[in-house]
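Here is the file entry_17.tsv (TSV, C-alpha atoms).
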```tsv
chain	number	residue	atom	x	y	z
W	117	MET	CA	0.00	0.00	0.00
W	118	HIS	CA	2.81	2.42	0.86
W	119	SER	CA	4.07	2.35	-2.73
W	120	LEU	CA	1.04	4.50	-3.65
W	121	CYS	CA	3.07	7.57	-2.68
W	122	VAL	CA	5.51	7.22	-5.54
W	123	GLY	CA	3.89	4.75	-7.92
W	124	ILE	CA	1.46	4.94	-10.82
W	125	PRO	CA	-1.71	4.86	-8.58
W	126	ALA	CA	-0.56	8.12	-6.96
W	127	GLN	CA	-0.18	9.79	-10.36
W	128	VAL	CA	-3.62	8.55	-11.39
W	129	LEU	CA	-5.17	9.83	-8.15
W	130	ILE	CA	-3.75	13.34	-8.55
W	131	ARG	CA	-4.78	13.44	-12.20
W	132	GLN	CA	-8.34	12.45	-11.18
W	133	ILE	CA	-8.39	15.22	-8.54
W	134	ILE	CA	-7.24	17.72	-11.20
W	135	GLU	CA	-9.95	16.53	-13.60
W	136	ALA	CA	-12.61	16.74	-10.87
W	137	HIS	CA	-11.50	20.27	-10.01
W	138	ASP	CA	-11.61	21.35	-13.67
W	139	LYS	CA	-15.06	19.78	-14.07
W	140	TYR	CA	-16.74	21.36	-11.05
W	141	MET	CA	-14.99	24.71	-11.48
W	142	ALA	CA	-16.44	24.80	-15.02
W	143	TYR	CA	-19.91	24.11	-13.54
W	144	VAL	CA	-19.53	26.97	-11.04
W	145	ASN	CA	-18.28	29.40	-13.67
W	146	ALA	CA	-20.65	28.47	-16.53
W	147	CYS	CA	-23.83	27.21	-14.85
W	148	PHE	CA	-23.85	29.30	-11.67
W	149	MET	CA	-22.44	32.55	-13.09
W	150	ILE	CA	-19.37	32.47	-10.80
W	151	ASP	CA	-21.66	32.82	-7.78
W	152	THR	CA	-19.63	33.33	-4.57
W	153	LYS	CA	-21.73	30.83	-2.58
W	154	PHE	CA	-20.99	28.07	-5.06
W	155	HIS	CA	-17.32	29.03	-5.12
W	156	LYS	CA	-17.26	28.79	-1.34
W	157	ALA	CA	-19.01	25.40	-1.39
W	158	LEU	CA	-16.52	24.11	-3.97
W	159	LYS	CA	-13.58	25.30	-1.87
W	160	GLU	CA	-14.96	23.74	1.33
W	161	ALA	CA	-15.49	20.39	-0.43
W	162	PHE	CA	-11.96	20.32	-1.86
W	163	VAL	CA	-10.41	21.39	1.46
W	164	ILE	CA	-12.05	18.40	3.15
W	165	PHE	CA	-10.86	15.65	0.82
W	166	CYS	CA	-7.55	17.28	-0.22
W	167	ASN	CA	-6.39	17.11	3.41
W	168	LYS	CA	-7.18	13.44	3.93
W	169	THR	CA	-4.35	10.90	4.21
W	170	VAL	CA	-4.29	8.25	1.48
W	171	ALA	CA	-2.43	4.98	2.22
W	172	GLY	CA	-0.18	6.76	4.70
W	173	CYS	CA	0.56	9.65	2.33
W	174	THR	CA	-0.67	13.23	2.52
W	175	THR	CA	-2.00	15.02	-0.55
W	176	ALA	CA	0.87	17.51	-0.14
W	177	GLU	CA	3.33	14.66	-0.61
W	178	LEU	CA	1.42	13.24	-3.57
W	179	LEU	CA	1.25	16.64	-5.30
W	180	ALA	CA	5.01	17.08	-4.88
W	181	ALA	CA	5.59	13.59	-6.32
W	182	PHE	CA	3.27	14.40	-9.25
W	183	CYS	CA	5.28	17.54	-10.08
W	184	ASP	CA	8.52	15.56	-9.74
W	185	ASN	CA	7.28	12.90	-12.14
W	186	ILE	CA	6.26	15.49	-14.74
W	187	LEU	CA	9.52	17.43	-14.54
W	188	LYS	CA	11.54	14.22	-14.88
W	189	ARG	CA	9.42	13.42	-17.97
W	190	ARG	CA	8.85	9.92	-16.67
W	191	GLY	CA	5.95	7.54	-17.11
W	192	SER	CA	4.04	6.36	-20.14
W	193	GLU	CA	3.09	9.85	-21.28
W	194	ARG	CA	5.76	12.13	-22.71
W	195	LEU	CA	4.31	15.60	-22.29
W	196	SER	CA	5.21	18.59	-24.44
W	197	ASP	CA	6.62	21.72	-22.76
W	198	GLY	CA	3.19	23.37	-23.03
W	199	ALA	CA	1.43	20.37	-21.45
W	200	ILE	CA	4.00	20.25	-18.63
W	201	GLU	CA	3.39	23.93	-17.86
W	202	GLU	CA	-0.40	23.42	-17.95
W	203	ASN	CA	-0.21	20.46	-15.52
W	204	LEU	CA	2.07	22.33	-13.13
W	205	ASP	CA	-0.32	25.29	-13.16
W	206	LYS	CA	-3.22	23.01	-12.19
W	207	VAL	CA	-1.23	21.48	-9.32
W	208	VAL	CA	-0.34	24.92	-7.98
W	209	LYS	CA	-4.03	25.89	-8.06
W	210	LEU	CA	-4.86	22.82	-5.93
W	211	LEU	CA	-2.39	24.01	-3.26
W	212	VAL	CA	-5.00	26.59	-2.20
W	213	TYR	CA	-6.92	23.73	-0.56
W	214	ILE	CA	-3.91	22.16	1.21
W	215	ASN	CA	-3.47	23.00	4.89
W	216	ASP	CA	0.15	21.83	5.18
W	217	LYS	CA	1.75	23.90	2.43
W	218	ASP	CA	5.06	23.82	4.30
W	219	LEU	CA	5.05	20.01	4.00
W	220	PHE	CA	4.57	20.35	0.24
W	221	ALA	CA	7.51	22.78	0.18
W	222	LYS	CA	9.69	20.31	2.09
W	223	TYR	CA	8.98	17.45	-0.35
W	224	CYS	CA	9.21	19.82	-3.31
W	225	ARG	CA	12.66	21.01	-2.22
W	226	LYS	CA	13.89	17.44	-1.65
W	227	ASN	CA	12.66	16.38	-5.11
W	228	LEU	CA	14.13	19.48	-6.75
W	229	ALA	CA	17.52	18.69	-5.20
W	230	ARG	CA	17.45	15.18	-6.67
W	231	ARG	CA	16.52	16.46	-10.12
W	232	LEU	CA	19.21	19.12	-10.15
W	233	LEU	CA	21.95	16.84	-8.83
W	234	PHE	CA	21.13	13.47	-10.40
W	235	THR	CA	19.06	14.10	-13.55
W	236	PRO	CA	21.50	14.77	-16.42
W	237	ASP	CA	18.91	16.50	-18.61
W	238	ALA	CA	17.20	18.52	-15.88
W	239	ASN	CA	15.37	21.45	-17.49
W	240	GLU	CA	16.19	24.48	-15.35
W	241	GLU	CA	13.84	26.67	-17.38
W	242	GLN	CA	10.86	24.48	-16.45
W	243	GLU	CA	12.05	24.43	-12.83
W	244	ARG	CA	11.97	28.23	-12.87
W	245	ILE	CA	8.46	28.21	-14.38
W	246	LEU	CA	7.18	26.04	-11.48
W	247	LEU	CA	8.94	28.25	-8.91
W	248	SER	CA	7.46	31.36	-10.55
W	249	MET	CA	3.95	29.84	-10.26
W	250	LEU	CA	4.52	28.92	-6.61
W	251	LYS	CA	5.94	32.35	-5.86
W	252	GLN	CA	2.93	34.07	-7.40
W	253	GLN	CA	0.50	31.85	-5.47
W	254	LEU	CA	2.27	31.56	-2.11
W	255	GLY	CA	4.78	34.41	-1.88
W	256	GLY	CA	8.53	34.89	-2.21
W	257	ASN	CA	9.52	33.29	1.10
W	258	PHE	CA	7.96	30.00	-0.02
W	259	THR	CA	10.32	29.63	-2.99
W	260	LEU	CA	13.41	31.50	-1.74
W	261	ASN	CA	15.55	28.46	-0.95
W	262	MET	CA	14.49	26.60	-4.09
W	263	GLU	CA	15.39	29.59	-6.27
W	264	ARG	CA	18.80	29.67	-4.60
W	265	MET	CA	19.24	25.96	-5.39
W	266	VAL	CA	18.65	26.55	-9.11
W	267	ASN	CA	21.07	29.50	-9.03
W	268	ASP	CA	23.65	27.33	-7.21
W	269	MET	CA	23.75	24.96	-10.19
W	270	ILE	CA	24.53	27.84	-12.57
W	271	LEU	CA	27.27	29.13	-10.25
W	272	ALA	CA	28.62	25.58	-9.82
W	273	ARG	CA	29.06	25.20	-13.58
W	274	GLU	CA	30.88	28.54	-13.71
W	275	CYS	CA	33.07	27.46	-10.80
W	276	GLN	CA	33.91	24.14	-12.50
W	277	SER	CA	34.84	26.01	-15.70
W	278	GLN	CA	37.17	28.30	-13.73
W	279	PHE	CA	38.66	25.27	-11.98
W	280	LEU	CA	39.53	23.64	-15.32
W	281	LYS	CA	41.22	26.89	-16.41
W	282	TYR	CA	43.12	26.92	-13.11
W	283	LEU	CA	44.37	23.36	-13.75
W	284	HIS	CA	45.45	24.33	-17.27
W	285	ASN	CA	47.23	27.53	-16.16
W	286	LYS	CA	49.00	25.75	-13.29
W	287	GLU	CA	49.86	22.87	-15.66
W	288	ILE	CA	48.36	20.35	-13.21
W	289	GLN	CA	47.86	17.22	-15.28
W	290	ASN	CA	48.75	14.28	-13.03
W	291	LEU	CA	45.69	14.12	-10.74
W	292	GLY	CA	45.08	10.50	-11.73
W	293	MET	CA	41.35	11.08	-12.24
W	294	ASP	CA	38.90	13.70	-13.48
W	295	ILE	CA	36.99	15.60	-10.83
W	296	THR	CA	33.84	17.72	-11.09
W	297	VAL	CA	32.81	19.62	-7.95
W	298	THR	CA	29.33	21.05	-7.37
W	299	VAL	CA	29.44	23.68	-4.62
W	300	LEU	CA	26.11	24.10	-2.80
W	301	THR	CA	25.07	26.84	-0.39
W	302	THR	CA	24.50	25.57	3.15
W	303	GLY	CA	20.97	26.37	4.34
W	304	SER	CA	19.38	26.54	0.89
W	305	TRP	CA	19.52	22.80	0.26
W	306	PRO	CA	17.99	19.94	2.29
W	307	THR	CA	20.16	18.62	5.11
W	308	TYR	CA	22.34	15.69	4.06
W	309	LYS	CA	24.16	13.12	6.12
W	310	THR	CA	27.88	13.83	6.48
W	311	PHE	CA	30.61	11.54	7.76
W	312	ASP	CA	34.40	11.24	7.65
W	313	LEU	CA	35.30	8.71	4.98
W	314	ASN	CA	38.88	7.47	4.57
W	315	LEU	CA	39.51	8.17	0.89
W	316	PRO	CA	42.25	6.83	-1.41
W	317	SER	CA	45.24	9.13	-1.94
W	318	MET	CA	44.29	10.14	-5.50
W	319	MET	CA	40.85	11.35	-4.34
W	320	ILE	CA	42.44	13.30	-1.47
W	321	LYS	CA	44.89	14.90	-3.91
W	322	CYS	CA	42.02	16.03	-6.18
W	323	MET	CA	40.14	17.50	-3.24
W	324	GLU	CA	43.22	19.36	-2.00
W	325	VAL	CA	43.85	20.84	-5.46
W	326	PHE	CA	40.23	22.03	-5.67
W	327	LYS	CA	40.42	23.47	-2.15
W	328	SER	CA	43.56	25.43	-3.11
W	329	PHE	CA	41.72	26.82	-6.14
W	330	TYR	CA	38.59	27.63	-4.10
W	331	ASP	CA	40.54	29.35	-1.29
W	332	LEU	CA	42.42	31.40	-3.89
W	333	ARG	CA	39.18	32.46	-5.56
W	334	TYR	CA	37.00	33.19	-2.50
W	335	GLY	CA	39.45	33.52	0.39
W	336	ARG	CA	40.10	30.88	3.03
W	337	LYS	CA	38.26	32.79	5.77
W	338	THR	CA	35.25	33.77	3.65
W	339	ARG	CA	33.95	30.31	2.73
W	340	ARG	CA	34.57	26.84	4.13
W	341	LEU	CA	34.09	23.66	2.11
W	342	ARG	CA	32.41	20.64	3.70
W	343	TRP	CA	32.41	17.52	1.51
W	344	ILE	CA	29.17	15.50	1.29
W	345	TYR	CA	30.22	12.01	0.17
W	346	SER	CA	26.64	10.71	0.22
W	347	LEU	CA	25.86	12.88	-2.84
W	348	GLY	CA	29.03	12.12	-4.79
W	349	THR	CA	29.14	9.82	-7.83
W	350	CYS	CA	32.10	8.05	-9.46
W	351	ASN	CA	32.63	6.36	-12.80
W	352	VAL	CA	34.85	3.33	-12.16
W	353	ASN	CA	36.15	0.88	-14.76
W	354	GLY	CA	35.61	-2.73	-13.64
W	355	ASN	CA	38.15	-4.99	-15.36
W	356	PHE	CA	36.18	-8.25	-15.34
W	357	GLU	CA	37.35	-11.39	-17.14
W	358	PRO	CA	34.56	-11.35	-19.80
W	359	LYS	CA	34.95	-7.61	-20.52
W	360	THR	CA	35.53	-4.18	-18.99
W	361	ILE	CA	32.36	-2.47	-17.73
W	362	GLU	CA	32.03	1.12	-16.60
W	363	LEU	CA	30.34	1.23	-13.20
W	364	ILE	CA	28.46	4.35	-12.09
W	365	VAL	CA	28.58	4.26	-8.30
W	366	SER	CA	28.45	6.56	-5.28
W	367	THR	CA	31.70	7.87	-3.79
W	368	SER	CA	31.35	5.44	-0.88
W	369	GLN	CA	30.73	2.47	-3.18
W	370	ALA	CA	33.74	3.46	-5.28
W	371	VAL	CA	36.00	3.63	-2.24
W	372	ILE	CA	34.93	0.11	-1.21
W	373	LEU	CA	35.59	-1.29	-4.71
W	374	LEU	CA	39.02	0.36	-4.90
W	375	LEU	CA	40.07	-1.55	-1.76
W	376	PHE	CA	40.01	-4.74	-3.85
W	377	ASN	CA	42.79	-3.44	-6.12
W	378	ASN	CA	45.18	-4.34	-3.31
W	379	ALA	CA	43.36	-7.23	-1.59
W	380	ASP	CA	41.81	-10.49	-2.75
W	381	ARG	CA	39.51	-10.94	0.25
W	382	LEU	CA	38.30	-8.53	2.88
W	383	SER	CA	36.09	-9.06	5.91
W	384	TYR	CA	33.16	-6.84	6.84
W	385	SER	CA	35.07	-5.48	9.85
W	386	GLU	CA	38.21	-4.78	7.76
W	387	ILE	CA	36.21	-2.75	5.23
W	388	MET	CA	34.38	-0.88	7.97
W	389	THR	CA	37.60	-0.07	9.86
W	390	ARG	CA	39.70	0.91	6.82
W	391	LEU	CA	37.06	3.33	5.52
W	392	ASN	CA	35.80	4.57	8.90
W	393	LEU	CA	32.22	3.50	8.12
W	394	SER	CA	29.40	3.02	10.62
W	395	HIS	CA	27.61	-0.37	10.80
W	396	GLU	CA	24.54	1.18	9.17
W	397	ASP	CA	26.47	2.66	6.23
W	398	ALA	CA	28.73	-0.38	5.74
W	399	GLY	CA	25.74	-2.73	5.69
W	400	GLY	CA	23.81	-0.72	3.09
W	401	LEU	CA	26.81	-0.19	0.82
W	402	LEU	CA	27.98	-3.80	0.88
W	403	HIS	CA	24.43	-5.00	0.29
W	404	SER	CA	24.21	-2.86	-2.86
W	405	LEU	CA	27.48	-4.36	-4.20
W	406	SER	CA	26.97	-8.02	-3.28
W	407	CYS	CA	23.26	-8.82	-2.76
W	408	SER	CA	21.39	-6.67	-5.28
W	409	LYS	CA	20.91	-6.98	-9.03
W	410	TYR	CA	24.59	-6.40	-9.88
W	411	LYS	CA	26.83	-8.64	-7.78
W	412	ILE	CA	30.17	-6.86	-8.20
W	413	LEU	CA	31.41	-8.54	-5.01
W	414	ASN	CA	31.03	-12.18	-4.01
W	415	LYS	CA	30.04	-12.77	-0.42
W	416	GLU	CA	30.62	-15.66	1.97
W	417	PRO	CA	28.22	-17.00	3.05
W	418	ASN	CA	26.10	-16.45	-0.06
W	419	THR	CA	22.99	-15.04	1.64
W	420	LYS	CA	20.70	-12.11	0.82
W	421	SER	CA	21.56	-10.13	3.92
W	422	ILE	CA	24.76	-8.59	5.33
W	423	SER	CA	26.31	-9.87	8.54
W	424	PRO	CA	29.41	-8.62	10.48
W	425	ASN	CA	30.95	-12.07	9.90
W	426	ASP	CA	30.78	-11.88	6.08
W	427	ILE	CA	33.83	-12.11	3.82
W	428	PHE	CA	33.91	-10.28	0.46
W	429	GLN	CA	35.81	-10.91	-2.76
W	430	PHE	CA	35.91	-9.15	-6.15
W	431	ASN	CA	33.64	-11.01	-8.60
W	432	SER	CA	35.97	-11.27	-11.61
W	433	LYS	CA	33.40	-13.39	-13.51
W	434	PHE	CA	30.73	-10.66	-13.43
W	435	THR	CA	29.33	-9.60	-16.79
W	436	ASP	CA	26.37	-7.73	-18.22
W	437	LYS	CA	25.05	-7.03	-21.71
W	438	MET	CA	25.60	-3.29	-21.11
W	439	ARG	CA	28.99	-1.61	-21.23
W	440	ARG	CA	27.90	0.96	-18.64
W	441	ILE	CA	25.73	0.23	-15.60
W	442	LYS	CA	24.56	2.18	-12.56
W	443	ILE	CA	24.74	0.42	-9.19
W	444	PRO	CA	21.91	1.87	-7.06
W	445	ILE	CA	21.95	2.13	-3.29
W	446	THR	CA	18.77	1.30	-1.42
W	447	GLN	CA	17.61	4.57	0.11
W	448	ASN	CA	15.70	4.07	3.35
W	449	GLU	CA	13.74	7.28	3.49
W	450	ASP	CA	12.82	7.91	7.09
W	451	LYS	CA	9.40	9.52	6.98
W	452	ARG	CA	9.50	9.89	10.73
W	453	LYS	CA	12.59	12.12	10.42
W	454	MET	CA	10.85	14.23	7.80
W	455	VAL	CA	7.95	14.81	10.23
W	456	GLU	CA	10.37	15.55	13.11
W	457	ASP	CA	12.25	18.08	10.97
W	458	LEU	CA	8.95	19.67	9.95
W	459	ASP	CA	7.88	19.97	13.60
W	460	LYS	CA	11.19	21.70	14.46
W	461	ASP	CA	10.82	24.06	11.51
W	462	ARG	CA	7.28	24.90	12.63
W	463	GLN	CA	8.47	25.68	16.15
W	464	TYR	CA	10.96	28.22	14.76
W	465	THR	CA	8.29	29.66	12.44
W	466	ILE	CA	5.80	30.03	15.33
W	467	ASP	CA	8.50	31.68	17.48
W	468	ALA	CA	9.30	34.14	14.70
W	469	ALA	CA	5.59	34.95	14.19
W	470	ILE	CA	5.01	35.59	17.90
W	471	VAL	CA	8.10	37.82	18.17
W	472	ARG	CA	7.12	39.73	15.00
W	473	ILE	CA	3.59	40.34	16.33
W	474	MET	CA	4.77	41.39	19.80
W	475	LYS	CA	7.53	43.59	18.43
W	476	SER	CA	4.90	45.46	16.46
W	477	ARG	CA	2.17	45.59	19.14
W	478	LYS	CA	4.39	45.82	22.28
W	479	VAL	CA	1.50	44.77	24.56
W	480	LEU	CA	-1.17	42.22	23.67
W	481	GLY	CA	-3.83	40.06	25.32
W	482	TYR	CA	-3.51	36.28	25.34
W	483	LYS	CA	-6.49	35.51	23.07
W	484	GLN	CA	-5.58	38.27	20.64
W	485	LEU	CA	-1.99	36.99	20.39
W	486	LEU	CA	-3.26	33.47	19.66
W	487	SER	CA	-5.68	34.79	17.04
W	488	GLU	CA	-3.09	36.94	15.25
W	489	CYS	CA	-0.54	34.13	15.31
W	490	VAL	CA	-2.99	31.66	13.71
W	491	LYS	CA	-3.92	34.27	11.09
W	492	MET	CA	-0.28	34.95	10.22
W	493	LEU	CA	0.67	31.25	9.94
W	494	SER	CA	-2.48	29.91	8.22
W	495	PRO	CA	-1.21	30.57	4.66
W	496	LEU	CA	1.64	28.11	5.40
W	497	PHE	CA	0.11	25.62	7.87
W	498	LYS	CA	-2.59	25.39	10.52
W	499	PRO	CA	-0.83	25.66	13.91
W	500	GLU	CA	-2.32	23.90	16.93
W	501	ILE	CA	-3.31	26.23	19.76
W	502	LYS	CA	-1.52	24.05	22.35
W	503	THR	CA	1.71	24.34	20.31
W	504	ILE	CA	1.43	28.14	20.19
W	505	LYS	CA	0.89	28.17	23.97
W	506	LYS	CA	4.07	26.11	24.47
W	507	ARG	CA	6.06	28.45	22.22
W	508	ILE	CA	4.80	31.49	24.17
W	509	GLU	CA	6.04	29.90	27.41
W	510	HIS	CA	9.35	29.09	25.68
W	511	LEU	CA	9.77	32.74	24.60
W	512	ILE	CA	8.94	33.94	28.13
W	513	ALA	CA	11.67	31.64	29.47
W	514	LYS	CA	14.08	33.07	26.87
W	515	ASP	CA	13.18	36.66	27.96
W	516	TYR	CA	11.61	37.68	24.66
W	517	LEU	CA	8.23	38.19	26.36
W	518	GLU	CA	6.99	38.79	29.88
W	519	ARG	CA	3.59	38.63	31.57
W	520	ASP	CA	1.97	41.73	32.98
W	521	ARG	CA	2.30	41.76	36.76
W	522	ASP	CA	-1.33	42.70	37.33
W	523	ASN	CA	-2.89	40.58	34.56
W	524	GLN	CA	-1.30	37.23	33.66
W	525	ASN	CA	-3.25	37.12	30.38
W	526	ILE	CA	-1.47	40.19	29.02
W	527	PHE	CA	1.98	39.88	27.46
W	528	LYS	CA	4.65	42.52	26.92
W	529	TYR	CA	7.48	42.50	24.39
W	530	VAL	CA	10.92	42.66	26.01
W	531	ALA	CA	13.16	44.85	23.85
```
Same coordinates, now as structure tokens:
Amino acid sequence: MHSLCVGIPAQVLIRQIIEAHDKYMAYVNACFMIDTKFHKALKEAFVIFCNKTVAGCTTAELLAAFCDNILKRRGSERLSDGAIEENLDKVVKLLVYINDKDLFAKYCRKNLARRLLFTPDANEEQERILLSMLKQQLGGNFTLNMERMVNDMILARECQSQFLKYLHNKEIQNLGMDITVTVLTTGSWPTYKTFDLNLPSMMIKCMEVFKSFYDLRYGRKTRRLRWIYSLGTCNVNGNFEPKTIELIVSTSQAVILLLFNNADRLSYSEIMTRLNLSHEDAGGLLHSLSCSKYKILNKEPNTKSISPNDIFQFNSKFTDKMRRIKIPITQNEDKRKMVEDLDKDRQYTIDAAIVRIMKSRKVLGYKQLLSECVKMLSPLFKPEIKTIKKRIEHLIAKDYLERDRDNQNIFKYVA
């Protein structure tokens, strides 16, 4: 059932909602002369069923997945640029009925990041069209980070071009491998897992050369680079007995495979220790290389799961009809973490709203503060009253607000 969120049934559901909206909006406009009562009734009906959870997925999540699918040009239907724009416009119009617009933004940003980083033919013009629609409907703050992400990709290409010129001018030719670096702005992009990975010397050399270039261009104290290995990809030539195959793998997968250039057999614990991997990361990476569709490594015992007692060996007999294959990693998307992150973001947003209101009003009654806070936040999400109460108490403890000595239901802003 959970596959509904990303599978064909989800796409069908959203398309049916769009068709229903078009149908009944046409009735209201043509048959009822755009009467406000019928418009209100239509809105109330769509608000009710557009905020229901379907097979564990919210409509906000499904709408984001629908946009993602269209912009990737996936599925049985290959839409023209005009049809893509029309479908995106209809999705954006449905957002009016969604209570948790911030949840849509979170999924939308995550999907945008994947398209920009991992889709070779990502159409940045269409991405900008969607962001323009969202900005017009929901305001500039809603799309700010996503616009910065698209701009980052343009700047990253310029940076890479300057880096290649730097290598040419410095006559640096013996790096041992080609390197392309995409520099992202912290805060604009989703948060990604970082860890210290023990890299081979040639990778370290490439990173040091790029760092020297980057420090020279921007200044060592101005910007600091933090490498995110979980987003990196490598093209590695696998010299198998039947033929050589180019393997497209993650940085972490590549580092594991390169260990077998100097070792016939390696244990799970040896791989984990040499690369400074956690049990969780080592298990997932080794599973992708030895238990999935492409068995680049042989494993003893030959089971479908990874154990700390396993021994691994390069599978020299491996072959495939393709000359170039991508070895995927199973991504365990933790929905619980997404919800936890959203709750934290909402706490900060509620805090900011309360402070903004109190800074403007200076003194305000309890009920009025609650009312104004709900009104300010409703375009983004519907805050619970008990959560607002908790955030008020939090801000009192942090000396942003104080209660009136004579009336505990009146709050004062502390400058």
Kindly extract all protein, DNA and RNA residues lying within 9 Å of the coordinates (-5.2, 28.2, 19.7) given in the file, considering all atoms listed in the file, and supply them as a compact mmCIF listing (two decimals) with C-alpha atoms, in the coordinates of the input.
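Printed below is result-v8.txt as written:
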```
# COMPACT_ATOMS: atom_id res chain seq x y z
CA LYS W 483 -6.49 35.51 23.07
CA LEU W 486 -3.26 33.47 19.66
CA SER W 487 -5.68 34.79 17.04
CA CYS W 489 -0.54 34.13 15.31
CA VAL W 490 -2.99 31.66 13.71
CA PRO W 499 -0.83 25.66 13.91
CA GLU W 500 -2.32 23.90 16.93
CA ILE W 501 -3.31 26.23 19.76
CA LYS W 502 -1.52 24.05 22.35
CA THR W 503 1.71 24.34 20.31
CA ILE W 504 1.43 28.14 20.19
CA LYS W 505 0.89 28.17 23.97
```
Give me, please, the distance in Å between CA of Phe430 (chain W) and CA of Leu402 (chain W), quoted to one decimal.
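One can read the CA of Phe430 (chain W) to CA of Leu402 (chain W) distance as 11.9 Å.
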CA of Val365 (chain W) to CA of Thr446 (chain W): how many Å, to one decimal?
12.3 Å
Contacts of Arg264 (chain W) within 12 Å, only C-alpha atoms, excl. fewer than 5 positions in-chain, as a compact mmCIF listing (two decimals) with C-alpha atoms, in the coordinates of the input:
```
# COMPACT_ATOMS: atom_id res chain seq x y z
CA ARG W 225 12.66 21.01 -2.22
CA LEU W 228 14.13 19.48 -6.75
CA ALA W 229 17.52 18.69 -5.20
CA LEU W 232 19.21 19.12 -10.15
CA GLU W 243 12.05 24.43 -12.83
CA ARG W 244 11.97 28.23 -12.87
CA LEU W 247 8.94 28.25 -8.91
CA GLY W 256 8.53 34.89 -2.21
CA ASN W 257 9.52 33.29 1.10
CA PHE W 258 7.96 30.00 -0.02
CA THR W 259 10.32 29.63 -2.99
CA MET W 269 23.75 24.96 -10.19
CA ILE W 270 24.53 27.84 -12.57
CA LEU W 271 27.27 29.13 -10.25
CA ALA W 272 28.62 25.58 -9.82
CA LEU W 300 26.11 24.10 -2.80
CA THR W 301 25.07 26.84 -0.39
CA THR W 302 24.50 25.57 3.15
CA GLY W 303 20.97 26.37 4.34
CA SER W 304 19.38 26.54 0.89
CA TRP W 305 19.52 22.80 0.26
CA PRO W 306 17.99 19.94 2.29
```
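For the atom pair formed by CA of Glu240 (chain W) and CA of Pro495 (chain W), the distance is 27.2 Å, given to one decimal.
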Closest to Leu413 (chain W) among W:Leu373, W:Ile320, W:Ile164, W:Ala180, using only C-alpha atoms?
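So, comparing all the options, the nearest one is W:Leu373.
Using only C-alpha atoms for every distance, the candidate list W:Asp397, W:Ser366, W:Ile466, W:Ala171 yields W:Ser366 as the residue closest to Phe234 (chain W).
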Gln369 (chain W): which residues within 12 Å, counting only C-alpha atoms, same-chain residues fewer than 3 positions away excluded, as a ChimeraX atom specification?
/W:313,315,345-352,363-366,372-376,387,391,393,397-406,412-413,442-445
Which polymer residues have any atom within 12 Å of an atom of Glu416 (chain W), counting only C-alpha atoms, with same-chain residues fewer than 5 positions away left out, as a list in words?
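Counting only the stated atoms, we get Arg381, Leu382, Ser383, Tyr384, Ser406, Cys407, Ser421, Ile422, Ser423, Pro424, Asn425, Asp426, Ile427, Phe428, Gln429, Phe430 and Asn431 of chain W.
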Do a neighbour search on Phe527 (chain W) at 6 Å with only C-alpha atoms, toss out local chain neighbours closer than 3 positions, and write the hits as a PDB file with C-alpha atoms, in the coordinates of the input.
```
ATOM      1  CA  VAL W 479       1.500  44.770  24.560  1.00  0.00           C
ATOM      2  CA  LEU W 480      -1.170  42.220  23.670  1.00  0.00           C
ATOM      3  CA  GLU W 518       6.990  38.790  29.880  1.00  0.00           C
ATOM      4  CA  ARG W 519       3.590  38.630  31.570  1.00  0.00           C
ATOM      5  CA  ASP W 520       1.970  41.730  32.980  1.00  0.00           C
TER       6      ASP W 520
END
```
Find the spatial neighbours of Thr169 (chain W), counting all atoms listed in the file, within a cut-off of 12 Å - ignore same-chain residues fewer than 2 positions away - and output them as a PyMOL selection string.
chain W and resi 118+120-121+164-167+171-178+214+216
Produce the centre coordinates and the three edge lengths, each in Å to one decimal, of the box along x, y and z that contains all listed atoms of region 437-456 of chain W with 4 Å added on each side, as AutoDock Vina command-line options.
```
--center_x 18.5 --center_y 4.3 --center_z -4.3 --size_x 29.0 --size_y 30.6 --size_z 42.8
```
Exercise: residues within 7 Å of coordinate (35.1, -12.4, -18.4), counting only C-alpha atoms, as a list in words:
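Checked against the point, the hits come out as Phe356, Glu357, Pro358, Lys359, Ser432, Lys433, Phe434 and Thr435 of chain W.
For the set W:Arg339, W:Arg390, W:Phe329, W:Lys409, the residue with the smallest atom-to-atom gap to Leu283 (chain W) is W:Phe329, counting all atoms listed in the file.
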Enumerate, in order of chain and increasing residue number, the residues of region 170-251 of chain W with an atom no farther than 12 Å from region 143-161 of chain W, each with its shortest atom pair and distance in Å to one decimal, counting only C-alpha atoms, as CSV.
```
residue,atom,partner,partner_atom,distance
W:Lys209,CA,W:Lys159,CA,11.4
W:Leu210,CA,W:Lys159,CA,9.9
W:Leu211,CA,W:Lys159,CA,11.3
W:Val212,CA,W:Lys159,CA,8.7
W:Tyr213,CA,W:Lys159,CA,7.0
W:Ile214,CA,W:Lys159,CA,10.6
```
